[in-house]
$ cat query_37.pdb   # PDB, C-alpha atoms, pLDDT in the B column
ATOM      1  CA  MET A 115     -15.588  61.251 -21.131  1.00 58.00           C
ATOM      2  CA  SER A 116     -16.301  58.485 -18.681  1.00 61.00           C
ATOM      3  CA  ILE A 117     -14.560  55.128 -18.605  1.00 67.00           C
ATOM      4  CA  GLN A 118     -16.901  52.303 -17.934  1.00 67.00           C
ATOM      5  CA  THR A 119     -15.663  49.066 -16.445  1.00 65.00           C
ATOM      6  CA  ALA A 120     -17.360  45.739 -16.398  1.00 58.00           C
ATOM      7  CA  PRO A 121     -18.897  44.748 -13.104  1.00 58.00           C
ATOM      8  CA  LYS A 122     -16.724  42.468 -11.017  1.00 60.00           C
ATOM      9  CA  THR A 123     -17.881  38.919 -10.530  1.00 55.00           C
ATOM     10  CA  THR A 124     -16.484  36.217  -8.310  1.00 54.00           C
ATOM     11  CA  ALA A 125     -17.345  33.333 -10.636  1.00 56.00           C
ATOM     12  CA  PRO A 126     -14.043  33.303 -12.561  1.00 64.00           C
ATOM     13  CA  LYS A 127     -12.043  33.532  -9.320  1.00 71.00           C
ATOM     14  CA  THR A 128     -14.064  30.726  -7.758  1.00 72.00           C
ATOM     15  CA  ALA A 129     -13.593  28.608 -10.870  1.00 74.00           C
ATOM     16  CA  THR A 130      -9.841  29.248 -10.736  1.00 82.00           C
ATOM     17  CA  VAL A 131      -9.655  28.215  -7.086  1.00 77.00           C
ATOM     18  CA  ALA A 132     -11.597  25.032  -7.833  1.00 78.00           C
ATOM     19  CA  ALA A 133      -9.356  24.268 -10.827  1.00 81.00           C
ATOM     20  CA  ASN A 134      -6.235  24.757  -8.686  1.00 79.00           C
ATOM     21  CA  ALA A 135      -7.666  22.492  -5.989  1.00 78.00           C
ATOM     22  CA  ASP A 136      -8.417  19.808  -8.586  1.00 84.00           C
ATOM     23  CA  ARG A 137      -4.897  20.112  -9.982  1.00 90.00           C
ATOM     24  CA  THR A 138      -3.170  19.885  -6.570  1.00 93.00           C
ATOM     25  CA  ARG A 139      -5.385  17.159  -5.069  1.00 94.00           C
ATOM     26  CA  PRO A 140      -3.387  14.193  -6.464  1.00 95.00           C
ATOM     27  CA  ILE A 141      -0.110  15.793  -5.345  1.00 96.00           C
ATOM     28  CA  VAL A 142      -1.338  16.388  -1.796  1.00 96.00           C
ATOM     29  CA  LEU A 143      -2.852  12.901  -1.649  1.00 96.00           C
ATOM     30  CA  GLY A 144       0.404  11.385  -2.909  1.00 96.00           C
ATOM     31  CA  LEU A 145       2.451  13.261  -0.305  1.00 97.00           C
ATOM     32  CA  PHE A 146      -0.042  12.236   2.389  1.00 97.00           C
ATOM     33  CA  ARG A 147       0.293   8.576   1.289  1.00 97.00           C
ATOM     34  CA  ILE A 148       4.104   8.733   1.346  1.00 97.00           C
ATOM     35  CA  VAL A 149       4.285  10.312   4.808  1.00 98.00           C
ATOM     36  CA  MET A 150       1.682   7.971   6.323  1.00 98.00           C
ATOM     37  CA  GLY A 151       3.344   4.956   4.696  1.00 98.00           C
ATOM     38  CA  PHE A 152       6.723   5.944   6.139  1.00 98.00           C
ATOM     39  CA  LEU A 153       5.338   6.592   9.628  1.00 97.00           C
ATOM     40  CA  PHE A 154       3.476   3.297   9.636  1.00 97.00           C
ATOM     41  CA  LEU A 155       6.558   1.464   8.354  1.00 98.00           C
ATOM     42  CA  CYS A 156       8.389   2.760  11.437  1.00 96.00           C
ATOM     43  CA  HIS A 157       5.459   1.569  13.573  1.00 94.00           C
ATOM     44  CA  GLY A 158       5.618  -1.911  12.054  1.00 95.00           C
ATOM     45  CA  LEU A 159       9.379  -2.141  12.465  1.00 96.00           C
ATOM     46  CA  GLN A 160       8.974  -1.592  16.214  1.00 94.00           C
ATOM     47  CA  GLY A 161       7.550  -5.107  16.402  1.00 93.00           C
ATOM     48  CA  PHE A 162      10.926  -6.363  15.187  1.00 95.00           C
ATOM     49  CA  GLY A 163      12.836  -4.362  17.798  1.00 92.00           C
ATOM     50  CA  PHE A 164      13.686  -1.255  15.775  1.00 93.00           C
ATOM     51  CA  PHE A 165      13.147   2.329  17.017  1.00 91.00           C
ATOM     52  CA  GLY A 166      13.013   1.306  20.664  1.00 90.00           C
ATOM     53  CA  GLY A 167      10.992  -1.855  20.094  1.00 90.00           C
ATOM     54  CA  ILE A 168       7.601  -2.569  21.561  1.00 85.00           C
ATOM     55  CA  ASP A 169       6.454   0.236  23.868  1.00 78.00           C
ATOM     56  CA  GLY A 170       9.986   1.672  23.826  1.00 80.00           C
ATOM     57  CA  ALA A 171      11.286  -1.209  25.939  1.00 83.00           C
ATOM     58  CA  GLY A 172      13.660  -2.443  23.212  1.00 83.00           C
ATOM     59  CA  LEU A 173      11.847  -5.741  22.867  1.00 89.00           C
ATOM     60  CA  ALA A 174      10.891  -7.518  19.650  1.00 92.00           C
ATOM     61  CA  MET A 175       8.100 -10.008  19.078  1.00 92.00           C
ATOM     62  CA  ALA A 176       9.176 -13.634  19.219  1.00 91.00           C
ATOM     63  CA  PHE A 177       9.461 -15.181  15.759  1.00 94.00           C
ATOM     64  CA  GLY A 178       6.083 -16.450  14.565  1.00 91.00           C
ATOM     65  CA  GLU A 179       4.204 -15.335  17.697  1.00 92.00           C
ATOM     66  CA  TRP A 180       0.496 -14.824  17.027  1.00 89.00           C
ATOM     67  CA  PRO A 181      -0.729 -12.153  16.518  1.00 89.00           C
ATOM     68  CA  GLY A 182       2.116  -9.725  17.277  1.00 90.00           C
ATOM     69  CA  TRP A 183       4.854 -10.997  14.975  1.00 93.00           C
ATOM     70  CA  TRP A 184       2.417 -11.570  12.111  1.00 95.00           C
ATOM     71  CA  ALA A 185       0.815  -8.172  12.635  1.00 95.00           C
ATOM     72  CA  SER A 186       4.260  -6.553  12.467  1.00 96.00           C
ATOM     73  CA  LEU A 187       5.007  -8.429   9.245  1.00 97.00           C
ATOM     74  CA  ILE A 188       1.698  -7.341   7.697  1.00 97.00           C
ATOM     75  CA  GLU A 189       2.330  -3.759   8.833  1.00 97.00           C
ATOM     76  CA  VAL A 190       5.838  -3.660   7.314  1.00 98.00           C
ATOM     77  CA  VAL A 191       4.865  -5.226   3.979  1.00 98.00           C
ATOM     78  CA  GLY A 192       1.607  -3.271   3.733  1.00 98.00           C
ATOM     79  CA  SER A 193       3.179   0.054   4.628  1.00 98.00           C
ATOM     80  CA  ALA A 194       5.967  -0.538   2.086  1.00 98.00           C
ATOM     81  CA  CYS A 195       3.276  -1.059  -0.577  1.00 97.00           C
ATOM     82  CA  VAL A 196       1.447   2.087   0.521  1.00 98.00           C
ATOM     83  CA  LEU A 197       4.675   4.081   0.656  1.00 97.00           C
ATOM     84  CA  ALA A 198       5.662   2.986  -2.854  1.00 97.00           C
ATOM     85  CA  GLY A 199       2.152   3.343  -4.245  1.00 96.00           C
ATOM     86  CA  PHE A 200       1.966  -0.252  -5.426  1.00 96.00           C
ATOM     87  CA  GLY A 201      -1.276  -2.063  -4.606  1.00 96.00           C
ATOM     88  CA  THR A 202      -2.196   0.910  -2.455  1.00 97.00           C
ATOM     89  CA  ARG A 203      -5.940   0.343  -2.207  1.00 97.00           C
ATOM     90  CA  THR A 204      -5.624  -3.337  -1.267  1.00 97.00           C
ATOM     91  CA  ALA A 205      -2.761  -2.794   1.168  1.00 98.00           C
ATOM     92  CA  ALA A 206      -4.477   0.209   2.762  1.00 98.00           C
ATOM     93  CA  PHE A 207      -7.736  -1.715   3.173  1.00 98.00           C
ATOM     94  CA  LEU A 208      -5.873  -4.592   4.843  1.00 98.00           C
ATOM     95  CA  LEU A 209      -3.955  -2.201   7.127  1.00 98.00           C
ATOM     96  CA  SER A 210      -7.181  -0.429   8.064  1.00 98.00           C
ATOM     97  CA  GLY A 211      -8.586  -3.764   9.188  1.00 97.00           C
ATOM     98  CA  VAL A 212      -5.416  -4.651  11.109  1.00 97.00           C
ATOM     99  CA  MET A 213      -5.602  -1.369  13.014  1.00 97.00           C
ATOM    100  CA  ALA A 214      -9.344  -1.725  13.664  1.00 97.00           C
ATOM    101  CA  TYR A 215      -8.664  -5.222  15.039  1.00 96.00           C
ATOM    102  CA  ALA A 216      -5.863  -3.847  17.225  1.00 95.00           C
ATOM    103  CA  TYR A 217      -8.147  -1.136  18.553  1.00 96.00           C
ATOM    104  CA  PHE A 218     -11.163  -3.312  19.360  1.00 96.00           C
ATOM    105  CA  VAL A 219      -9.261  -6.335  20.689  1.00 95.00           C
ATOM    106  CA  TYR A 220      -6.450  -4.661  22.644  1.00 94.00           C
ATOM    107  CA  HIS A 221      -7.461  -1.086  23.412  1.00 96.00           C
ATOM    108  CA  ALA A 222     -11.263  -0.865  23.659  1.00 96.00           C
ATOM    109  CA  PRO A 223     -11.598  -3.418  26.510  1.00 96.00           C
ATOM    110  CA  MET A 224      -9.461  -1.142  28.752  1.00 96.00           C
ATOM    111  CA  ALA A 225     -11.669   1.950  28.435  1.00 95.00           C
ATOM    112  CA  LEU A 226     -14.324   3.472  26.201  1.00 88.00           C
ATOM    113  CA  MET A 227     -12.473   6.495  24.850  1.00 93.00           C
ATOM    114  CA  PRO A 228      -9.278   6.213  22.749  1.00 94.00           C
ATOM    115  CA  MET A 229      -7.463   8.831  24.822  1.00 93.00           C
ATOM    116  CA  HIS A 230      -8.061   6.704  27.922  1.00 96.00           C
ATOM    117  CA  ASN A 231      -7.143   3.316  26.476  1.00 96.00           C
ATOM    118  CA  GLY A 232      -4.025   4.249  24.460  1.00 94.00           C
ATOM    119  CA  GLY A 233      -5.775   3.449  21.206  1.00 95.00           C
ATOM    120  CA  GLU A 234      -5.617   6.843  19.480  1.00 96.00           C
ATOM    121  CA  PRO A 235      -2.859   5.806  17.039  1.00 95.00           C
ATOM    122  CA  ALA A 236      -4.701   2.578  16.164  1.00 96.00           C
ATOM    123  CA  ALA A 237      -7.979   4.424  15.574  1.00 97.00           C
ATOM    124  CA  MET A 238      -6.337   7.171  13.513  1.00 97.00           C
ATOM    125  CA  TYR A 239      -4.304   4.754  11.388  1.00 98.00           C
ATOM    126  CA  SER A 240      -7.429   2.691  10.750  1.00 98.00           C
ATOM    127  CA  TRP A 241      -9.269   5.730   9.379  1.00 98.00           C
ATOM    128  CA  ILE A 242      -6.216   7.032   7.496  1.00 98.00           C
ATOM    129  CA  PHE A 243      -5.824   3.736   5.666  1.00 98.00           C
ATOM    130  CA  LEU A 244      -9.546   3.521   4.966  1.00 98.00           C
ATOM    131  CA  LEU A 245      -9.284   6.967   3.347  1.00 97.00           C
ATOM    132  CA  LEU A 246      -6.342   5.820   1.204  1.00 98.00           C
ATOM    133  CA  ALA A 247      -8.250   2.661   0.226  1.00 98.00           C
ATOM    134  CA  ALA A 248     -11.180   4.809  -0.912  1.00 97.00           C
ATOM    135  CA  PHE A 249      -9.280   7.598  -2.700  1.00 96.00           C
ATOM    136  CA  GLY A 250      -6.285   5.708  -4.077  1.00 94.00           C
ATOM    137  CA  PRO A 251      -2.598   6.542  -4.158  1.00 96.00           C
ATOM    138  CA  GLY A 252      -2.605  10.019  -5.675  1.00 94.00           C
ATOM    139  CA  ALA A 253       0.564  11.211  -7.409  1.00 94.00           C
ATOM    140  CA  PHE A 254       4.077   9.727  -7.232  1.00 93.00           C
ATOM    141  CA  ALA A 255       2.831   6.118  -7.163  1.00 95.00           C
ATOM    142  CA  LEU A 256       4.774   3.270  -8.805  1.00 91.00           C
ATOM    143  CA  ARG A 257       1.502   1.981 -10.193  1.00 76.00           C
ATOM    144  CA  ARG A 258       1.214   5.065 -12.397  1.00 65.00           C
TER     145      ARG A 258
END

$ encode --input "query_37.pdb" --output "structure tokens"
Amino acid sequence: MSIQTAPKTTAPKTATVAANADRTRPIVLGLFRIVMGFLFLCHGLQGFGFFGGIDGAGLAMAFGEWPGWWASLIEVVGSACVLAGFGTRTAAFLLSGVMAYAYFVYHAPMALMPMHNGGEPAAMYSWIFLLLAAFGPGAFALRR
């Protein structure tokens, strides 16, 4: 007497992996949003003298100084919105533009490549916030 088994297929396993990825995507995106929002909040607060201030020199932007003080204000308010998941797409789109402006106006004139002009954080934050503007807040957002 021989026991016959059904041939093994990878389709159910592949479908399970895809279903798990679909189920975890909003959670991972939400955690990504929270961490990036917190890190960028710290970045924005440097303009007001926190965490070592501007360039670690302990300095803050003078009240109302254009564009530094206003950029810090936009960064703090926008990152708080991203962190909380309230108005995430709008805030992230605005922050992406702020960081692109910072890169092209302050960093790019010094050198072509971001690793040579100190603009890596500005370039990365610009793309990170563009991603959040496109994909939304994910899980754990106040808006939900």

$ closest_atom_pairs --input "query_37.pdb" --of "region 135-183 of chain A" --to "region 238-243 of chain A" --cutoff "9 Å" --atoms "only C-alpha atoms" --output "JSON lines"
{"residue": "A:Arg147", "atom": "CA", "partner": "A:Phe243", "partner_atom": "CA", "distance": 8.9}
{"residue": "A:Met150", "atom": "CA", "partner": "A:Ile242", "partner_atom": "CA", "distance": 8.0}
{"residue": "A:Phe154", "atom": "CA", "partner": "A:Tyr239", "partner_atom": "CA", "distance": 8.1}

$ closest_residue --input "query_37.pdb" --among "A:Thr138, A:Ser186, A:Thr128, A:Ser193" --to "Phe152 (chain A)" --atoms "all atoms listed in the file"
A:Ser193

$ atom_distance --input "query_37.pdb" --atom1 "CA of Ala253 (chain A)" --atom2 "CA of Gly144 (chain A)"
4.5 Å

$ residues_around --input "query_37.pdb" --residues "region 161-177 of chain A" --least-positions-apart "4" --cutoff "10 Å" --atoms "all atoms listed in the file" --output "PDB file with C-alpha atoms, keeping the file's coordinate frame"
ATOM      1  CA  CYS A 156       8.389   2.760  11.437  1.00 96.00           C
ATOM      2  CA  HIS A 157       5.459   1.569  13.573  1.00 94.00           C
ATOM      3  CA  PRO A 181      -0.729 -12.153  16.518  1.00 89.00           C
ATOM      4  CA  GLY A 182       2.116  -9.725  17.277  1.00 90.00           C
ATOM      5  CA  TRP A 183       4.854 -10.997  14.975  1.00 93.00           C
ATOM      6  CA  TRP A 184       2.417 -11.570  12.111  1.00 95.00           C
ATOM      7  CA  ALA A 185       0.815  -8.172  12.635  1.00 95.00           C
ATOM      8  CA  SER A 186       4.260  -6.553  12.467  1.00 96.00           C
ATOM      9  CA  LEU A 187       5.007  -8.429   9.245  1.00 97.00           C
ATOM     10  CA  GLU A 189       2.330  -3.759   8.833  1.00 97.00           C
ATOM     11  CA  VAL A 190       5.838  -3.660   7.314  1.00 98.00           C
TER      12      VAL A 190
END

$ residues_around --input "query_37.pdb" --residues "Leu208 (chain A)" --least-positions-apart "4" --cutoff "9 Å" --atoms "all atoms listed in the file" --output "list in words"
Ile188, Gly192, Arg203, Thr204, Val212, Met213, Phe243, Leu244 and Ala247 of chain A

$ atom_distance --input "query_37.pdb" --atom1 "CA of Leu159 (chain A)" --atom2 "CA of Leu145 (chain A)"
21.2 Å

$ resolve_selection --input "query_37.pdb" --expression "the PyMOL selection byres ((chain A and resi 146) around 12)" --output "list in words"
Arg139, Pro140, Ile141, Val142, Leu143, Gly144, Leu145, Arg147, Ile148, Val149, Met150, Gly151, Phe152, Leu153, Val196, Leu197, Gly199, Ile242, Phe243, Leu245, Leu246, Phe249, Gly250, Pro251, Gly252, Ala253, Phe254 and Ala255 of chain A

$ build_atoms --input "query_37.pdb" --residues "region 143-154 of chain A" --atoms "all heavy atoms" --output "mmCIF file, in the frame of the given file"
data_model
loop_
_atom_site.group_PDB
_atom_site.id
_atom_site.type_symbol
_atom_site.label_atom_id
_atom_site.label_comp_id
_atom_site.auth_asym_id
_atom_site.auth_seq_id
_atom_site.Cartn_x
_atom_site.Cartn_y
_atom_site.Cartn_z
ATOM 1 N N LEU A 143 -2.518 14.270 -2.031
ATOM 2 C CA LEU A 143 -2.852 12.901 -1.649
ATOM 3 C C LEU A 143 -1.630 11.998 -1.736
ATOM 4 O O LEU A 143 -1.392 11.159 -0.855
ATOM 5 C CB LEU A 143 -3.983 12.364 -2.531
ATOM 6 C CG LEU A 143 -4.503 10.968 -2.211
ATOM 7 C CD1 LEU A 143 -5.036 10.884 -0.790
ATOM 8 C CD2 LEU A 143 -5.587 10.579 -3.209
ATOM 9 N N GLY A 144 -0.811 12.173 -2.767
ATOM 10 C CA GLY A 144 0.404 11.385 -2.909
ATOM 11 C C GLY A 144 1.388 11.654 -1.782
ATOM 12 O O GLY A 144 1.994 10.727 -1.230
ATOM 13 N N LEU A 145 1.562 12.925 -1.420
ATOM 14 C CA LEU A 145 2.451 13.261 -0.305
ATOM 15 C C LEU A 145 1.917 12.707 1.008
ATOM 16 O O LEU A 145 2.678 12.200 1.842
ATOM 17 C CB LEU A 145 2.641 14.781 -0.217
ATOM 18 C CG LEU A 145 3.414 15.412 -1.380
ATOM 19 C CD1 LEU A 145 3.364 16.938 -1.280
ATOM 20 C CD2 LEU A 145 4.841 14.916 -1.418
ATOM 21 N N PHE A 146 0.605 12.792 1.200
ATOM 22 C CA PHE A 146 -0.042 12.236 2.389
ATOM 23 C C PHE A 146 0.224 10.730 2.465
ATOM 24 O O PHE A 146 0.602 10.199 3.516
ATOM 25 C CB PHE A 146 -1.551 12.525 2.334
ATOM 26 C CG PHE A 146 -2.343 11.954 3.463
ATOM 27 C CD1 PHE A 146 -2.346 12.559 4.707
ATOM 28 C CD2 PHE A 146 -3.113 10.818 3.285
ATOM 29 C CE1 PHE A 146 -3.084 12.048 5.749
ATOM 30 C CE2 PHE A 146 -3.859 10.293 4.316
ATOM 31 C CZ PHE A 146 -3.841 10.913 5.557
ATOM 32 N N ARG A 147 0.058 10.021 1.344
ATOM 33 C CA ARG A 147 0.293 8.576 1.289
ATOM 34 C C ARG A 147 1.738 8.240 1.640
ATOM 35 O O ARG A 147 2.005 7.317 2.413
ATOM 36 C CB ARG A 147 -0.039 8.048 -0.112
ATOM 37 C CG ARG A 147 0.342 6.591 -0.314
ATOM 38 C CD ARG A 147 0.155 6.149 -1.759
ATOM 39 N NE ARG A 147 0.756 7.029 -2.731
ATOM 40 C CZ ARG A 147 2.053 7.041 -3.062
ATOM 41 N NH1 ARG A 147 2.898 6.235 -2.462
ATOM 42 N NH2 ARG A 147 2.496 7.860 -3.986
ATOM 43 N N ILE A 148 2.686 8.991 1.091
ATOM 44 C CA ILE A 148 4.104 8.733 1.346
ATOM 45 C C ILE A 148 4.446 8.938 2.824
ATOM 46 O O ILE A 148 5.101 8.093 3.446
ATOM 47 C CB ILE A 148 4.974 9.619 0.435
ATOM 48 C CG1 ILE A 148 4.842 9.143 -1.018
ATOM 49 C CG2 ILE A 148 6.423 9.615 0.885
ATOM 50 C CD1 ILE A 148 5.389 10.115 -2.043
ATOM 51 N N VAL A 149 3.989 10.036 3.400
ATOM 52 C CA VAL A 149 4.285 10.312 4.808
ATOM 53 C C VAL A 149 3.627 9.279 5.722
ATOM 54 O O VAL A 149 4.266 8.739 6.634
ATOM 55 C CB VAL A 149 3.847 11.750 5.187
ATOM 56 C CG1 VAL A 149 3.928 11.971 6.689
ATOM 57 C CG2 VAL A 149 4.704 12.774 4.450
ATOM 58 N N MET A 150 2.362 8.962 5.480
ATOM 59 C CA MET A 150 1.682 7.971 6.323
ATOM 60 C C MET A 150 2.300 6.588 6.148
ATOM 61 O O MET A 150 2.443 5.839 7.126
ATOM 62 C CB MET A 150 0.178 7.922 6.001
ATOM 63 C CG MET A 150 -0.583 9.156 6.417
ATOM 64 S SD MET A 150 -0.516 9.448 8.189
ATOM 65 C CE MET A 150 0.508 10.885 8.260
ATOM 66 N N GLY A 151 2.687 6.239 4.926
ATOM 67 C CA GLY A 151 3.344 4.956 4.696
ATOM 68 C C GLY A 151 4.662 4.859 5.440
ATOM 69 O O GLY A 151 4.976 3.827 6.049
ATOM 70 N N PHE A 152 5.444 5.937 5.422
ATOM 71 C CA PHE A 152 6.723 5.944 6.139
ATOM 72 C C PHE A 152 6.512 5.836 7.652
ATOM 73 O O PHE A 152 7.174 5.046 8.326
ATOM 74 C CB PHE A 152 7.528 7.203 5.808
ATOM 75 C CG PHE A 152 8.766 7.340 6.635
ATOM 76 C CD1 PHE A 152 9.874 6.538 6.387
ATOM 77 C CD2 PHE A 152 8.821 8.236 7.689
ATOM 78 C CE1 PHE A 152 11.016 6.635 7.167
ATOM 79 C CE2 PHE A 152 9.960 8.348 8.472
ATOM 80 C CZ PHE A 152 11.059 7.545 8.205
ATOM 81 N N LEU A 153 5.588 6.630 8.185
ATOM 82 C CA LEU A 153 5.338 6.592 9.628
ATOM 83 C C LEU A 153 4.849 5.218 10.069
ATOM 84 O O LEU A 153 5.253 4.699 11.115
ATOM 85 C CB LEU A 153 4.324 7.673 10.024
ATOM 86 C CG LEU A 153 4.800 9.113 9.900
ATOM 87 C CD1 LEU A 153 3.654 10.076 10.184
ATOM 88 C CD2 LEU A 153 5.971 9.384 10.823
ATOM 89 N N PHE A 154 3.994 4.605 9.265
ATOM 90 C CA PHE A 154 3.476 3.297 9.636
ATOM 91 C C PHE A 154 4.534 2.213 9.448
ATOM 92 O O PHE A 154 4.535 1.216 10.181
ATOM 93 C CB PHE A 154 2.211 2.968 8.847
ATOM 94 C CG PHE A 154 1.392 1.894 9.498
ATOM 95 C CD1 PHE A 154 0.783 2.108 10.719
ATOM 96 C CD2 PHE A 154 1.236 0.664 8.902
ATOM 97 C CE1 PHE A 154 0.033 1.125 11.337
ATOM 98 C CE2 PHE A 154 0.494 -0.334 9.496
ATOM 99 C CZ PHE A 154 -0.118 -0.106 10.720
#
